[in-house]
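**Student:** You'll find final22.txt just under this line, and it carries compact mmCIF, C-alpha atoms and all ligand atoms.
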```txt
# COMPACT_ATOMS: atom_id res chain seq x y z
CA MET T 1 0.00 0.00 0.00
CA PRO T 2 2.66 2.62 0.82
CA ALA T 3 4.10 2.09 -2.69
CA ILE T 4 0.76 2.79 -4.33
CA ARG T 5 0.22 5.79 -2.13
CA SER T 6 3.59 7.28 -2.99
CA GLN T 7 2.97 6.66 -6.71
CA ILE T 8 -0.37 8.43 -6.52
CA LEU T 9 1.22 11.31 -4.66
CA GLU T 10 3.88 11.56 -7.35
CA VAL T 11 1.26 11.86 -10.07
CA VAL T 12 -0.53 14.52 -8.07
CA ARG T 13 2.70 16.40 -7.40
CA ASP T 14 3.43 16.44 -11.13
CA ALA T 15 0.02 17.69 -12.19
CA TYR T 16 -0.41 20.11 -9.29
CA PRO T 17 3.13 21.42 -8.92
CA GLU T 18 4.38 23.09 -5.76
CA THR T 19 6.84 25.36 -7.53
CA PHE T 20 6.66 27.70 -10.48
CA GLU T 21 9.29 25.62 -12.27
CA GLY T 22 6.86 22.70 -12.17
CA LEU T 23 4.50 24.57 -14.49
CA GLY T 24 6.09 23.28 -17.67
CA SER T 25 4.00 24.19 -20.69
CA SER T 26 4.51 20.83 -22.39
CA LYS T 27 3.14 18.51 -19.73
CA PRO T 28 -0.46 17.91 -18.76
CA LEU T 29 -1.57 19.76 -15.66
CA GLY T 30 -4.59 19.43 -13.45
CA GLU T 31 -7.48 17.01 -13.73
CA SER T 32 -6.54 15.80 -17.22
CA VAL T 33 -3.79 13.72 -15.66
CA PHE T 34 -6.20 11.26 -14.05
CA SER T 35 -6.95 8.18 -16.08
CA GLY T 36 -10.50 7.17 -16.93
CA ARG T 37 -13.23 9.73 -16.52
CA THR T 38 -11.73 13.20 -16.19
CA PRO T 39 -12.96 14.58 -12.87
CA HIS T 40 -14.41 18.08 -12.59
CA PRO T 41 -11.78 20.43 -11.12
CA ASN T 42 -14.19 21.21 -8.26
CA GLU T 43 -14.21 17.52 -7.40
CA VAL T 44 -10.42 17.43 -7.29
CA LEU T 45 -10.36 20.53 -5.12
CA ASN T 46 -12.86 19.02 -2.67
CA LEU T 47 -10.84 15.82 -2.50
CA PHE T 48 -7.53 17.59 -1.93
CA VAL T 49 -9.04 19.70 0.86
CA GLN T 50 -10.48 16.58 2.51
CA GLN T 51 -7.19 14.71 2.16
CA LYS T 52 -5.20 17.73 3.39
CA LEU T 53 -2.94 17.72 0.32
CA THR T 54 -1.79 21.18 1.28
CA SER T 55 1.05 21.49 -1.20
CA ALA T 56 -1.27 20.79 -4.14
CA LEU T 57 -4.02 23.16 -3.01
CA PRO T 58 -2.88 26.41 -4.69
CA MET T 59 -2.85 24.74 -8.09
CA ALA T 60 -6.10 22.85 -7.42
CA TYR T 61 -7.80 26.12 -6.52
CA TYR T 62 -6.41 27.72 -9.66
CA MET T 63 -7.59 24.89 -11.91
CA ALA T 64 -11.11 25.21 -10.50
CA THR T 65 -11.25 29.01 -10.65
CA ARG T 66 -9.78 29.53 -14.09
CA ARG T 67 -13.06 28.30 -15.60
CA GLY T 68 -14.95 31.15 -14.02
CA LEU T 69 -17.75 31.74 -11.57
CA ASN T 70 -20.35 29.70 -13.45
CA SER T 71 -18.20 26.63 -13.16
CA LEU T 72 -17.45 27.25 -9.47
CA MET T 73 -21.12 27.71 -8.62
CA ASP T 74 -22.61 25.17 -11.02
CA ARG T 75 -25.67 23.68 -9.31
CA HIS T 76 -25.99 20.76 -11.67
CA LEU T 77 -22.83 19.01 -10.59
CA PRO T 78 -22.80 15.83 -8.52
CA ARG T 79 -22.44 16.33 -4.80
CA ASN T 80 -18.73 15.54 -4.68
CA ALA T 81 -18.08 18.31 -7.23
CA THR T 82 -20.25 20.88 -5.46
CA LEU T 83 -18.11 23.23 -3.42
CA PRO T 84 -19.05 23.75 0.23
CA PRO T 85 -19.59 27.42 1.16
CA ASP T 86 -16.17 28.04 2.73
CA ILE T 87 -14.24 26.62 -0.21
CA LEU T 88 -16.50 28.42 -2.67
CA GLN T 89 -15.88 31.69 -0.87
CA SER T 90 -12.10 31.24 -0.96
CA ALA T 91 -12.22 30.27 -4.62
CA MET T 92 -14.38 33.25 -5.62
CA GLY T 93 -12.26 35.71 -3.64
CA GLY T 94 -9.12 34.31 -5.26
CA LEU T 95 -10.60 34.42 -8.73
CA LEU T 96 -11.53 38.09 -8.38
CA GLN T 97 -8.04 38.98 -7.17
CA LEU T 98 -6.33 37.01 -9.93
CA ARG T 99 -8.62 38.51 -12.52
CA GLU T 100 -7.79 42.01 -11.32
CA LEU T 101 -4.08 41.27 -11.37
CA GLU T 102 -4.35 39.79 -14.85
CA LEU T 103 -6.30 42.71 -16.30
CA ASN T 104 -4.25 45.48 -14.69
CA GLU T 105 -0.83 44.06 -15.33
CA THR T 106 -1.56 42.97 -18.89
CA HIS T 107 -3.00 46.41 -19.58
CA ASP T 108 0.13 48.12 -18.26
CA LEU T 109 2.35 45.70 -20.12
CA ILE T 110 0.78 46.36 -23.49
CA PHE T 111 -0.51 49.92 -23.30
CA GLU T 112 2.07 51.55 -21.06
CA PRO T 113 5.43 49.89 -21.51
CA ASN T 114 7.27 51.06 -18.41
CA GLY T 115 10.05 53.49 -19.13
CA SER T 116 10.52 52.18 -22.63
CA ARG T 117 10.92 54.57 -25.53
CA PRO T 118 8.75 54.20 -28.61
CA CYS T 119 9.80 51.26 -30.76
CA SER T 120 12.42 52.16 -33.34
CA THR T 121 11.60 49.45 -35.86
CA SER T 122 10.32 50.96 -39.08
CA ASN T 123 6.68 50.08 -39.82
CA CYS T 124 5.96 48.93 -36.25
CA PRO T 125 2.82 50.75 -35.00
CA SER T 126 4.57 51.14 -31.63
CA ARG T 127 6.70 53.89 -33.16
CA ALA T 128 3.69 56.02 -32.27
CA PRO T 129 2.32 54.20 -29.21
CA THR T 130 -0.68 56.48 -28.83
CA GLY T 131 -1.54 56.55 -32.51
CA PRO T 132 -4.61 54.79 -33.93
CA ALA T 133 -2.64 51.96 -35.55
CA ALA T 134 -0.90 51.14 -32.28
CA LEU T 135 -4.11 51.32 -30.24
CA THR T 136 -5.94 49.02 -32.64
CA ALA T 137 -3.11 46.51 -32.50
CA TYR T 138 -2.81 46.79 -28.71
CA HIS T 139 -6.53 46.21 -28.20
CA LYS T 140 -6.38 43.09 -30.33
CA VAL T 141 -3.45 41.72 -28.35
CA PHE T 142 -4.99 42.65 -24.99
CA ASP T 143 -8.29 40.96 -25.87
CA HIS T 144 -6.45 37.91 -27.06
CA VAL T 145 -4.39 37.62 -23.87
CA VAL T 146 -7.11 38.23 -21.27
CA CYS T 147 -10.63 38.50 -22.61
CA SER T 148 -11.14 35.07 -24.03
CA SER T 149 -10.92 33.88 -20.45
CA GLN T 150 -14.25 35.70 -19.96
CA LEU T 151 -15.21 35.44 -16.32
CA GLY T 152 -12.38 33.09 -15.49
CA THR T 153 -8.64 33.62 -15.70
CA LYS T 154 -5.77 32.16 -17.65
CA VAL T 155 -3.05 34.18 -16.03
CA LEU T 156 -0.74 31.18 -15.54
CA GLN T 157 -0.94 30.19 -19.19
CA VAL T 158 1.76 31.25 -21.64
CA PRO T 159 -0.01 33.56 -24.08
CA GLU T 160 0.46 33.19 -27.81
CA PHE T 161 1.26 36.50 -29.40
CA TYR T 162 1.70 35.05 -32.88
CA GLU T 163 -0.72 33.48 -35.31
CA ASP T 164 -0.09 31.59 -38.51
CA ARG T 165 -1.14 33.67 -41.51
CA ASP T 166 -0.61 31.81 -44.77
CA GLY T 167 2.34 29.93 -43.37
CA GLU T 168 3.90 33.03 -41.88
CA LEU T 169 3.95 33.76 -38.17
CA GLN T 170 2.63 37.21 -37.47
CA CYS T 171 1.76 39.06 -34.31
CA ILE T 172 -1.90 38.92 -33.27
CA GLY T 173 -1.75 42.74 -33.30
CA PRO T 174 -1.40 43.89 -36.92
CA GLY T 175 2.12 45.07 -37.78
CA ILE T 176 3.68 44.77 -34.31
CA CYS T 177 7.37 43.89 -34.60
CA SER T 178 9.12 40.95 -32.98
CA GLY T 179 11.03 43.27 -30.64
CA CYS T 180 7.78 44.49 -29.11
CA VAL T 181 6.46 40.92 -28.90
CA ASN T 182 9.66 39.81 -27.15
CA ARG T 183 9.19 42.57 -24.60
CA TRP T 184 5.58 41.47 -24.00
CA GLU T 185 6.59 37.85 -23.74
CA SER T 186 9.16 38.51 -21.06
CA GLY T 187 6.80 40.91 -19.28
CA HIS T 188 4.09 38.28 -19.23
CA ALA T 189 6.55 35.67 -17.97
CA GLU T 190 7.11 37.95 -14.98
CA LEU T 191 3.36 38.30 -14.55
CA ARG T 192 2.93 34.52 -14.50
CA LYS T 193 5.58 34.26 -11.81
CA LYS T 194 3.94 36.99 -9.78
CA ALA T 195 0.50 35.38 -10.12
CA TRP T 196 1.93 32.03 -9.08
CA GLY T 197 3.50 33.57 -5.99
CA ALA T 198 0.16 35.16 -5.13
CA LEU T 199 -1.88 31.93 -5.30
CA PRO T 200 -1.63 30.84 -1.65
CA GLY T 201 -2.48 34.35 -0.46
CA VAL T 202 -5.45 34.98 -2.74
CA PHE T 203 -7.00 31.65 -1.83
CA GLY T 204 -6.47 32.19 1.89
CA LEU T 205 -4.03 29.29 2.28
CA ASN T 206 -1.34 31.13 4.19
CA SER T 207 -2.73 30.81 7.68
ZN ZN U 1 7.92 47.33 -32.31
```
Turn this file's structure into structure tokens for me.

**Tutor:**
Amino acid sequence: MPAIRSQILEVVRDAYPETFEGLGSSKPLGESVFSGRTPHPNEVLNLFVQQKLTSALPMAYYMATRRGLNSLMDRHLPRNATLPPDILQSAMGGLLQLRELELNETHDLIFEPNGSRPCSTSNCPSRAPTGPAALTAYHKVFDHVVCSSQLGTKVLQVPEFYEDRDGELQCIGPGICSGCVNRWESGHAELRKKAWGALPGVFGLNS
């Protein structure tokens, strides 16, 4: 039995990492790691709370909240996936804080590059950061990075700033140069780290 238990714990540790470095983009995270029927993230969260799997709780809370309030409060779920009031309250509070962090920081990252001069690449709309071409491009990128998460959050996900247009990779924001995209990518990497560090606090797990 101890062998099975330690194997299970290893799987859990891999899918619900304790450290930021564990969040590799190539490996499956969260409930998709379980074989057979994929459990609802609320069900996993309930189970981890019951089993006192403290180290996996920040990630389990995140996996449940990133789908948004409707998923957290879904009344049509089986009992084991229905969140008791105290867990629901922590999850909702955390979601709102993460959402605020995601919106504010992504906005600053894209619209108000801190201390950076206008881009010097010819043809990049960022040469005139407050001009209409730049604002149109920035809005597209901003929406792409945060708004498709609707009422949830995807702040820990690595955003894709490029799309494939006729076999050529181009920025989601029309005309934006690779230098600007690089700056956004590294800025967002910092944001992911910051959000990760905030998880225990926003979900009330620090006490
Ligand atoms: Zn540029």

**Student:** Would you list the residues that come within 8 Å of ligand ZN 1 (chain U)? Count all atoms listed in the file and give the answer as a compact mmCIF listing (two decimals) with C-alpha atoms, in the frame of the given file.

**Tutor:**
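Result saved to selection.txt:
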```txt
# COMPACT_ATOMS: atom_id res chain seq x y z
CA PRO T 118 8.75 54.20 -28.61
CA CYS T 119 9.80 51.26 -30.76
CA SER T 120 12.42 52.16 -33.34
CA THR T 121 11.60 49.45 -35.86
CA CYS T 124 5.96 48.93 -36.25
CA PRO T 125 2.82 50.75 -35.00
CA SER T 126 4.57 51.14 -31.63
CA ARG T 127 6.70 53.89 -33.16
CA ILE T 176 3.68 44.77 -34.31
CA CYS T 177 7.37 43.89 -34.60
CA SER T 178 9.12 40.95 -32.98
CA GLY T 179 11.03 43.27 -30.64
CA CYS T 180 7.78 44.49 -29.11
CA VAL T 181 6.46 40.92 -28.90
```

**Student:** Write out as a list in words the residues lying within 8 Å of Gly30 of chain T, counting only C-alpha atoms and excluding same-chain residues fewer than 6 positions away.

**Tutor:**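 Counting only C-alpha atoms, the residues come to Ala15, Tyr16, Pro41, Met59, Ala60 and Met63 of chain T.
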
**Student:** Using all atoms listed in the file, list the residues that have an atom at most 12 Å from (-0.9, 38.2, -10.0), coordinates as in the file, as a ChimeraX atom specification.

**Tutor:** /T:62,94-106,153-156,188-202

**Student:** Would you mind reading off the distance between atom CA of Asp74 of chain T and atom CA of Ala91 of chain T, one decimal, in Å?

**Tutor:** 13.2 Å

**Student:** Select, from T:Thr82, T:Thr54, T:Ser6, T:Ser26, the residue with the minimum atom-to-atom distance to Asn42 of chain T, counting only C-alpha atoms.

**Tutor:**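 Looking at the shortest contact to Asn42 of chain T, the residue is T:Thr82.
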
**Student:** Given the choices T:Ala81, T:Leu151, T:Leu9, T:Ala128, which gets closest to Ser55 of chain T if the distance is worked out from all atoms listed in the file?

**Tutor:**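 Of T:Ala81, T:Leu151, T:Leu9, T:Ala128, the one nearest Ser55 of chain T, counting all atoms listed in the file, is T:Leu9.
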
**Student:** Neighbours of segment 135-137 of chain T within 10 Å (only C-alpha atoms; same-chain residues fewer than 5 positions away dropped), as number ranges by chain?

**Tutor:** T: 110-111, 125-126, 128-130, 142, 171-176

**Student:** Those selected residues, please, written with C-alpha atoms and delivered as a CSV table (one decimal), in the coordinates of the input.

**Tutor:**
```
chain,number,residue,atom,x,y,z
T,110,ILE,CA,0.8,46.4,-23.5
T,111,PHE,CA,-0.5,49.9,-23.3
T,125,PRO,CA,2.8,50.8,-35.0
T,126,SER,CA,4.6,51.1,-31.6
T,128,ALA,CA,3.7,56.0,-32.3
T,129,PRO,CA,2.3,54.2,-29.2
T,130,THR,CA,-0.7,56.5,-28.8
T,142,PHE,CA,-5.0,42.6,-25.0
T,171,CYS,CA,1.8,39.1,-34.3
T,172,ILE,CA,-1.9,38.9,-33.3
T,173,GLY,CA,-1.8,42.7,-33.3
T,174,PRO,CA,-1.4,43.9,-36.9
T,175,GLY,CA,2.1,45.1,-37.8
T,176,ILE,CA,3.7,44.8,-34.3
```

**Student:** Which neighbours of Leu53 of chain T fall inside 12 Å, counting all atoms listed in the file, when residues of the same chain fewer than 5 positions from it are skipped, and could you give them as a count of residues only?

**Tutor:** 18

**Student:** Would you work out the distance separating atom CA of Gly22 of chain T from atom CA of Pro159 of chain T, expressed in Å to one decimal?

**Tutor:**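 About the pair atom CA of Gly22 of chain T and atom CA of Pro159 of chain T: they are 17.5 Å apart.
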
**Student:** Please, what distance in Å, to one decimal, runs between atom CA of Leu88 of chain T and atom CA of Leu23 of chain T?

**Tutor:**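 We find that atom CA of Leu88 of chain T and atom CA of Leu23 of chain T lie 24.4 Å from each other.
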
**Student:** Enclose all atoms of segment 64-77 of chain T listed in the file in an axis-aligned box, grow every side by 8 Å, and hand back centre and edge lengths in Å to one decimal, as AutoDock Vina command-line options.

**Tutor:**
```
--center_x -17.9 --center_y 25.4 --center_z -12.1 --size_x 32.2 --size_y 28.7 --size_z 23.0
```

**Student:** Residues near His144 of chain T, anyone? I mean within 10 Å using only C-alpha atoms, not counting same-chain ones fewer than 4 positions away, as number ranges by chain.

**Tutor:** T: 138-140, 148-149, 159-161, 172-173
